[in-house]
Amino acid sequence: MDRSLPRILKYLLCATVAGVLLYYSFRDVNWSDFVAGLKACDWPFVILSMLCGVAAFWFKGMRWTQMLRPVAPGVKYLDTYDAVTVGNLSNIVFPFLGDFVRAGYVRRNSAGKYDRALGTVALERVWDLLFVFILMALLVILKWEEFGGFVVERLWRPAIDRFDLAVWIALAILALLAAAFVAAVVFLHARNSFLGRVHNACSGLAQGFVSVFRMDRKLLFLVGTALIWTMYWLQIVCLFHAFPPAAGLGPDDALFIMLVGSLASFVPVPGGFGAYHYLVAFALSSMYGLSWQAGIVFATIAHESQAITMTVTGLLSVIRQELSGARR
């Protein structure tokens, strides 16, 4: 069987999911009103939002450099920034592909080990997911009257209601299979070449994953994380000012929409297409009474402006890497 066939099937599946989400998001949109909504935007604020996105990539590169130093001492900041932006560009094509691209950039430019670099990326993913849920929990607890009912009734309970007995049985079976495979890797890796390769790869991933405990200036890591998410928040604040129907929403509302939109990055679709549009439009229409049409216009401006930012910064980094490689 052609080895490229599984990758093609995965891409088609992810693209299909994105297409379905986009269809459900845009199926009731009046396109003349949609274009009118775009024209009504204050575009300087959109550009300012895009600049906040660039700043977020900058801080993300700084934070990742600090995470990499224990496992790749020779890593340079500009290379990690390029890896972040090229990884963002790759994610537009295929979900989570950018994580592997970033690790490859580190191996090429700093002679670090690929699996350890990938472990730091996995740690970063887990940390950001944890940070999102901590922020969401604090926002819901401190602003329960505003956000608590929406999160419980419109997000949490519908998701839980879909988990019937068959789903729990399937999850239990998958957990048992995963546990059996882990046990085989731990106890039989010396007897089987495939399990040995898996064991070595997992060991490298683990070393990268625990790199945060060996970092210098750990407080700087926390500050970097706060700066990254502050930039993401400012992006939404700027877009509220840019989009007249959302102009009355405040900083707390921007934080809520940012957190809801960030959940789309964990949905396996290219670049969050469809998932981001649906989640943000759903939150704006259900929580704040905006029409679905207005919510879709806002989500489209937010997502596509960020996609353009990722594309431009990613292409510039590719060019810089090629030019620096040619000089070597």
# chains A, B, ... in the order shown; residues from 1 in each chain; ligands from 1

$ residues_around --residues "Tyr276 (chain A)" --least-positions-apart "6" --cutoff "8 Å" --atoms "only C-alpha atoms" --output "ChimeraX atom specification"
/A:261-265,299,303

$ write_last_selection --atoms "N, CA and C atoms" --output "compact mmCIF listing (two decimals), in the first residue's frame"
# COMPACT_ATOMS: atom_id res chain seq x y z
N GLY A 261 -12.78 31.11 21.58
CA GLY A 261 -12.13 30.93 20.28
C GLY A 261 -10.89 30.07 20.35
N SER A 262 -10.17 30.15 21.46
CA SER A 262 -8.93 29.38 21.59
C SER A 262 -9.20 27.88 21.62
N LEU A 263 -10.41 27.48 22.01
CA LEU A 263 -10.74 26.06 22.03
C LEU A 263 -10.71 25.47 20.62
N ALA A 264 -10.88 26.32 19.60
CA ALA A 264 -10.86 25.83 18.22
C ALA A 264 -9.50 25.29 17.82
N SER A 265 -8.43 25.77 18.49
CA SER A 265 -7.09 25.30 18.14
C SER A 265 -6.88 23.84 18.52
N ALA A 299 -16.37 36.72 13.53
CA ALA A 299 -15.48 35.55 13.55
C ALA A 299 -14.63 35.48 12.29
N HIS A 303 -10.66 35.56 12.42
CA HIS A 303 -9.91 34.38 11.96
C HIS A 303 -9.07 34.69 10.73

$ residues_around --residues "region 37-48 of chain A" --least-positions-apart "2" --cutoff "8 Å" --atoms "only C-alpha atoms" --output "ChimeraX atom specification"
/A:33-35,50-52,235,238-239,241-244,294,297,301,305

$ residues_around --residues "Ala83 (chain A)" --least-positions-apart "5" --cutoff "9 Å" --atoms "only C-alpha atoms" --output "list in words"
Gly61, Leu78, Asn88, Gly98, Val101, Arg102, Ala103, Gly104, Tyr105, Val106, Gly314, Ser317 and Val318 of chain A

$ write_last_selection --atoms "all heavy atoms" --output "PDB file, in the first residue's frame"
ATOM      1  N   GLY A  61       8.089  32.829  20.668  1.00  0.00           N
ATOM      2  CA  GLY A  61       9.443  32.418  20.330  1.00  0.00           C
ATOM      3  C   GLY A  61      10.388  32.581  21.508  1.00  0.00           C
ATOM      4  O   GLY A  61      11.241  31.724  21.765  1.00  0.00           O
ATOM      5  N   LEU A  78      16.175  33.918  17.144  1.00  0.00           N
ATOM      6  CA  LEU A  78      15.605  34.199  15.835  1.00  0.00           C
ATOM      7  C   LEU A  78      15.194  32.911  15.123  1.00  0.00           C
ATOM      8  O   LEU A  78      14.199  32.886  14.387  1.00  0.00           O
ATOM      9  CB  LEU A  78      16.610  34.980  14.974  1.00  0.00           C
ATOM     10  CG  LEU A  78      16.031  35.737  13.773  1.00  0.00           C
ATOM     11  CD1 LEU A  78      14.895  36.650  14.213  1.00  0.00           C
ATOM     12  CD2 LEU A  78      17.118  36.541  13.083  1.00  0.00           C
ATOM     13  N   ASN A  88       3.136  27.916  12.392  1.00  0.00           N
ATOM     14  CA  ASN A  88       1.793  28.482  12.228  1.00  0.00           C
ATOM     15  C   ASN A  88       1.317  28.340  10.787  1.00  0.00           C
ATOM     16  O   ASN A  88       0.155  28.000  10.529  1.00  0.00           O
ATOM     17  CB  ASN A  88       1.794  29.969  12.612  1.00  0.00           C
ATOM     18  CG  ASN A  88       1.987  30.195  14.095  1.00  0.00           C
ATOM     19  OD1 ASN A  88       1.729  29.313  14.907  1.00  0.00           O
ATOM     20  ND2 ASN A  88       2.456  31.371  14.458  1.00  0.00           N
ATOM     21  N   GLY A  98       2.349  21.878  12.325  1.00  0.00           N
ATOM     22  CA  GLY A  98       3.327  22.873  12.742  1.00  0.00           C
ATOM     23  C   GLY A  98       4.155  22.444  13.931  1.00  0.00           C
ATOM     24  O   GLY A  98       5.315  22.864  14.064  1.00  0.00           O
ATOM     25  N   VAL A 101       6.954  20.507  12.476  1.00  0.00           N
ATOM     26  CA  VAL A 101       7.818  21.398  11.690  1.00  0.00           C
ATOM     27  C   VAL A 101       8.725  22.200  12.610  1.00  0.00           C
ATOM     28  O   VAL A 101       9.922  22.360  12.349  1.00  0.00           O
ATOM     29  CB  VAL A 101       6.957  22.334  10.820  1.00  0.00           C
ATOM     30  CG1 VAL A 101       7.819  23.425  10.172  1.00  0.00           C
ATOM     31  CG2 VAL A 101       6.230  21.536   9.740  1.00  0.00           C
ATOM     32  N   ARG A 102       8.174  22.690  13.704  1.00  0.00           N
ATOM     33  CA  ARG A 102       8.973  23.467  14.657  1.00  0.00           C
ATOM     34  C   ARG A 102      10.130  22.647  15.212  1.00  0.00           C
ATOM     35  O   ARG A 102      11.267  23.123  15.303  1.00  0.00           O
ATOM     36  CB  ARG A 102       8.082  23.952  15.800  1.00  0.00           C
ATOM     37  CG  ARG A 102       7.131  25.061  15.427  1.00  0.00           C
ATOM     38  CD  ARG A 102       6.104  25.299  16.506  1.00  0.00           C
ATOM     39  NE  ARG A 102       6.720  25.625  17.785  1.00  0.00           N
ATOM     40  CZ  ARG A 102       6.053  25.838  18.909  1.00  0.00           C
ATOM     41  NH1 ARG A 102       4.743  25.737  18.908  1.00  0.00           N
ATOM     42  NH2 ARG A 102       6.679  26.134  20.011  1.00  0.00           N
ATOM     43  N   ALA A 103       9.845  21.412  15.608  1.00  0.00           N
ATOM     44  CA  ALA A 103      10.903  20.549  16.141  1.00  0.00           C
ATOM     45  C   ALA A 103      11.975  20.292  15.089  1.00  0.00           C
ATOM     46  O   ALA A 103      13.174  20.231  15.395  1.00  0.00           O
ATOM     47  CB  ALA A 103      10.305  19.231  16.630  1.00  0.00           C
ATOM     48  N   GLY A 104      11.569  20.155  13.822  1.00  0.00           N
ATOM     49  CA  GLY A 104      12.528  19.958  12.745  1.00  0.00           C
ATOM     50  C   GLY A 104      13.431  21.158  12.544  1.00  0.00           C
ATOM     51  O   GLY A 104      14.629  21.007  12.258  1.00  0.00           O
ATOM     52  N   TYR A 105      12.883  22.355  12.709  1.00  0.00           N
ATOM     53  CA  TYR A 105      13.694  23.571  12.579  1.00  0.00           C
ATOM     54  C   TYR A 105      14.771  23.619  13.660  1.00  0.00           C
ATOM     55  O   TYR A 105      15.906  24.023  13.398  1.00  0.00           O
ATOM     56  CB  TYR A 105      12.796  24.807  12.691  1.00  0.00           C
ATOM     57  CG  TYR A 105      12.468  25.430  11.368  1.00  0.00           C
ATOM     58  CD1 TYR A 105      11.682  24.752  10.429  1.00  0.00           C
ATOM     59  CD2 TYR A 105      12.936  26.685  11.023  1.00  0.00           C
ATOM     60  CE1 TYR A 105      11.373  25.317   9.211  1.00  0.00           C
ATOM     61  CE2 TYR A 105      12.639  27.268   9.813  1.00  0.00           C
ATOM     62  CZ  TYR A 105      11.853  26.579   8.904  1.00  0.00           C
ATOM     63  OH  TYR A 105      11.566  27.137   7.686  1.00  0.00           O
ATOM     64  N   VAL A 106      14.416  23.209  14.871  1.00  0.00           N
ATOM     65  CA  VAL A 106      15.399  23.213  15.953  1.00  0.00           C
ATOM     66  C   VAL A 106      16.528  22.238  15.644  1.00  0.00           C
ATOM     67  O   VAL A 106      17.711  22.548  15.820  1.00  0.00           O
ATOM     68  CB  VAL A 106      14.726  22.860  17.294  1.00  0.00           C
ATOM     69  CG1 VAL A 106      15.757  22.620  18.381  1.00  0.00           C
ATOM     70  CG2 VAL A 106      13.782  23.979  17.715  1.00  0.00           C
ATOM     71  N   GLY A 314       4.989  33.728   8.366  1.00  0.00           N
ATOM     72  CA  GLY A 314       5.567  32.431   8.035  1.00  0.00           C
ATOM     73  C   GLY A 314       6.393  32.478   6.760  1.00  0.00           C
ATOM     74  O   GLY A 314       7.506  31.937   6.701  1.00  0.00           O
ATOM     75  N   SER A 317       9.653  34.257   7.339  1.00  0.00           N
ATOM     76  CA  SER A 317      10.605  33.412   8.052  1.00  0.00           C
ATOM     77  C   SER A 317      11.215  32.363   7.123  1.00  0.00           C
ATOM     78  O   SER A 317      12.404  32.047   7.227  1.00  0.00           O
ATOM     79  CB  SER A 317       9.916  32.724   9.240  1.00  0.00           C
ATOM     80  OG  SER A 317       9.623  33.651  10.257  1.00  0.00           O
ATOM     81  N   VAL A 318      10.401  31.805   6.223  1.00  0.00           N
ATOM     82  CA  VAL A 318      10.934  30.843   5.250  1.00  0.00           C
ATOM     83  C   VAL A 318      12.003  31.510   4.394  1.00  0.00           C
ATOM     84  O   VAL A 318      13.086  30.946   4.152  1.00  0.00           O
ATOM     85  CB  VAL A 318       9.800  30.288   4.361  1.00  0.00           C
ATOM     86  CG1 VAL A 318      10.384  29.509   3.176  1.00  0.00           C
ATOM     87  CG2 VAL A 318       8.883  29.381   5.172  1.00  0.00           C
TER      88      VAL A 318
END

$ closest_residue --among "A:Leu195, A:Val312, A:Ala302, A:Ile169" --to "Leu234 (chain A)" --atoms "only C-alpha atoms"
A:Ala302

$ residues_around --residues "Leu135 (chain A)" --least-positions-apart "2" --cutoff "12 Å" --atoms "only C-alpha atoms" --output "ChimeraX atom specification"
/A:128-133,137-143,226,229-230,233,252,255-260,262

$ residues_around --residues "Arg63 (chain A)" --least-positions-apart "4" --cutoff "7 Å" --atoms "only C-alpha atoms" --output "JSON, numbers by chain"
{"A": [59, 67, 221, 224]}

$ write_last_selection --atoms "C-alpha atoms" --output "mmCIF file, in the first residue's frame"
data_model
loop_
_atom_site.group_PDB
_atom_site.id
_atom_site.type_symbol
_atom_site.label_atom_id
_atom_site.label_comp_id
_atom_site.auth_asym_id
_atom_site.auth_seq_id
_atom_site.Cartn_x
_atom_site.Cartn_y
_atom_site.Cartn_z
ATOM 1 C CA PHE A 59 6.801 36.353 22.828
ATOM 2 C CA MET A 67 12.153 25.958 27.240
ATOM 3 C CA PHE A 221 8.582 31.683 31.560
ATOM 4 C CA GLY A 224 6.189 35.175 28.758
#

$ atom_distance --atom1 "CA of Ala172 (chain A)" --atom2 "CA of Arg125 (chain A)"
24.4 Å

$ residues_around --residues "Ser285 (chain A)" --least-positions-apart "6" --cutoff "7 Å" --atoms "only C-alpha atoms" --output "ChimeraX atom specification"
/A:291-292,295

$ residues_around --residues "region 175-188 of chain A" --least-positions-apart "4" --cutoff "8 Å" --atoms "only C-alpha atoms" --output "list of chain:residue names"
A:Leu171, A:Asn192, A:Leu195, A:Gly196, A:Val198, A:His199

$ write_last_selection --atoms "N, CA and C atoms" --output "PDB file, in the first residue's frame"
ATOM      1  N   LEU A 171     -14.378   4.607  25.271  1.00  0.00           N
ATOM      2  CA  LEU A 171     -13.256   5.286  25.924  1.00  0.00           C
ATOM      3  C   LEU A 171     -12.520   4.340  26.875  1.00  0.00           C
ATOM      4  N   ASN A 192      12.156  -6.247  21.463  1.00  0.00           N
ATOM      5  CA  ASN A 192      11.494  -5.984  20.180  1.00  0.00           C
ATOM      6  C   ASN A 192      12.019  -4.680  19.612  1.00  0.00           C
ATOM      7  N   LEU A 195       9.303  -1.807  19.463  1.00  0.00           N
ATOM      8  CA  LEU A 195       9.043  -1.271  20.802  1.00  0.00           C
ATOM      9  C   LEU A 195      10.263  -0.519  21.332  1.00  0.00           C
ATOM     10  N   GLY A 196      11.459  -0.955  20.924  1.00  0.00           N
ATOM     11  CA  GLY A 196      12.676  -0.251  21.319  1.00  0.00           C
ATOM     12  C   GLY A 196      12.737   1.142  20.732  1.00  0.00           C
ATOM     13  N   VAL A 198      10.141   2.930  19.798  1.00  0.00           N
ATOM     14  CA  VAL A 198       9.101   3.710  20.482  1.00  0.00           C
ATOM     15  C   VAL A 198       9.589   4.163  21.858  1.00  0.00           C
ATOM     16  N   HIS A 199      10.277   3.264  22.563  1.00  0.00           N
ATOM     17  CA  HIS A 199      10.799   3.582  23.892  1.00  0.00           C
ATOM     18  C   HIS A 199      11.811   4.716  23.816  1.00  0.00           C
TER      19      HIS A 199
END

$ atom_distance --atom1 "CA of Gly248 (chain A)" --atom2 "CA of Tyr288 (chain A)"
10.1 Å

$ closest_residue --among "A:Leu174, A:Val71, A:Ala122, A:Ala56" --to "Thr225 (chain A)" --atoms "only C-alpha atoms"
A:Ala56

$ closest_residue --among "A:Ala117, A:Tyr81, A:Ala254, A:Lys76" --to "Tyr232 (chain A)" --atoms "only C-alpha atoms"
A:Ala254
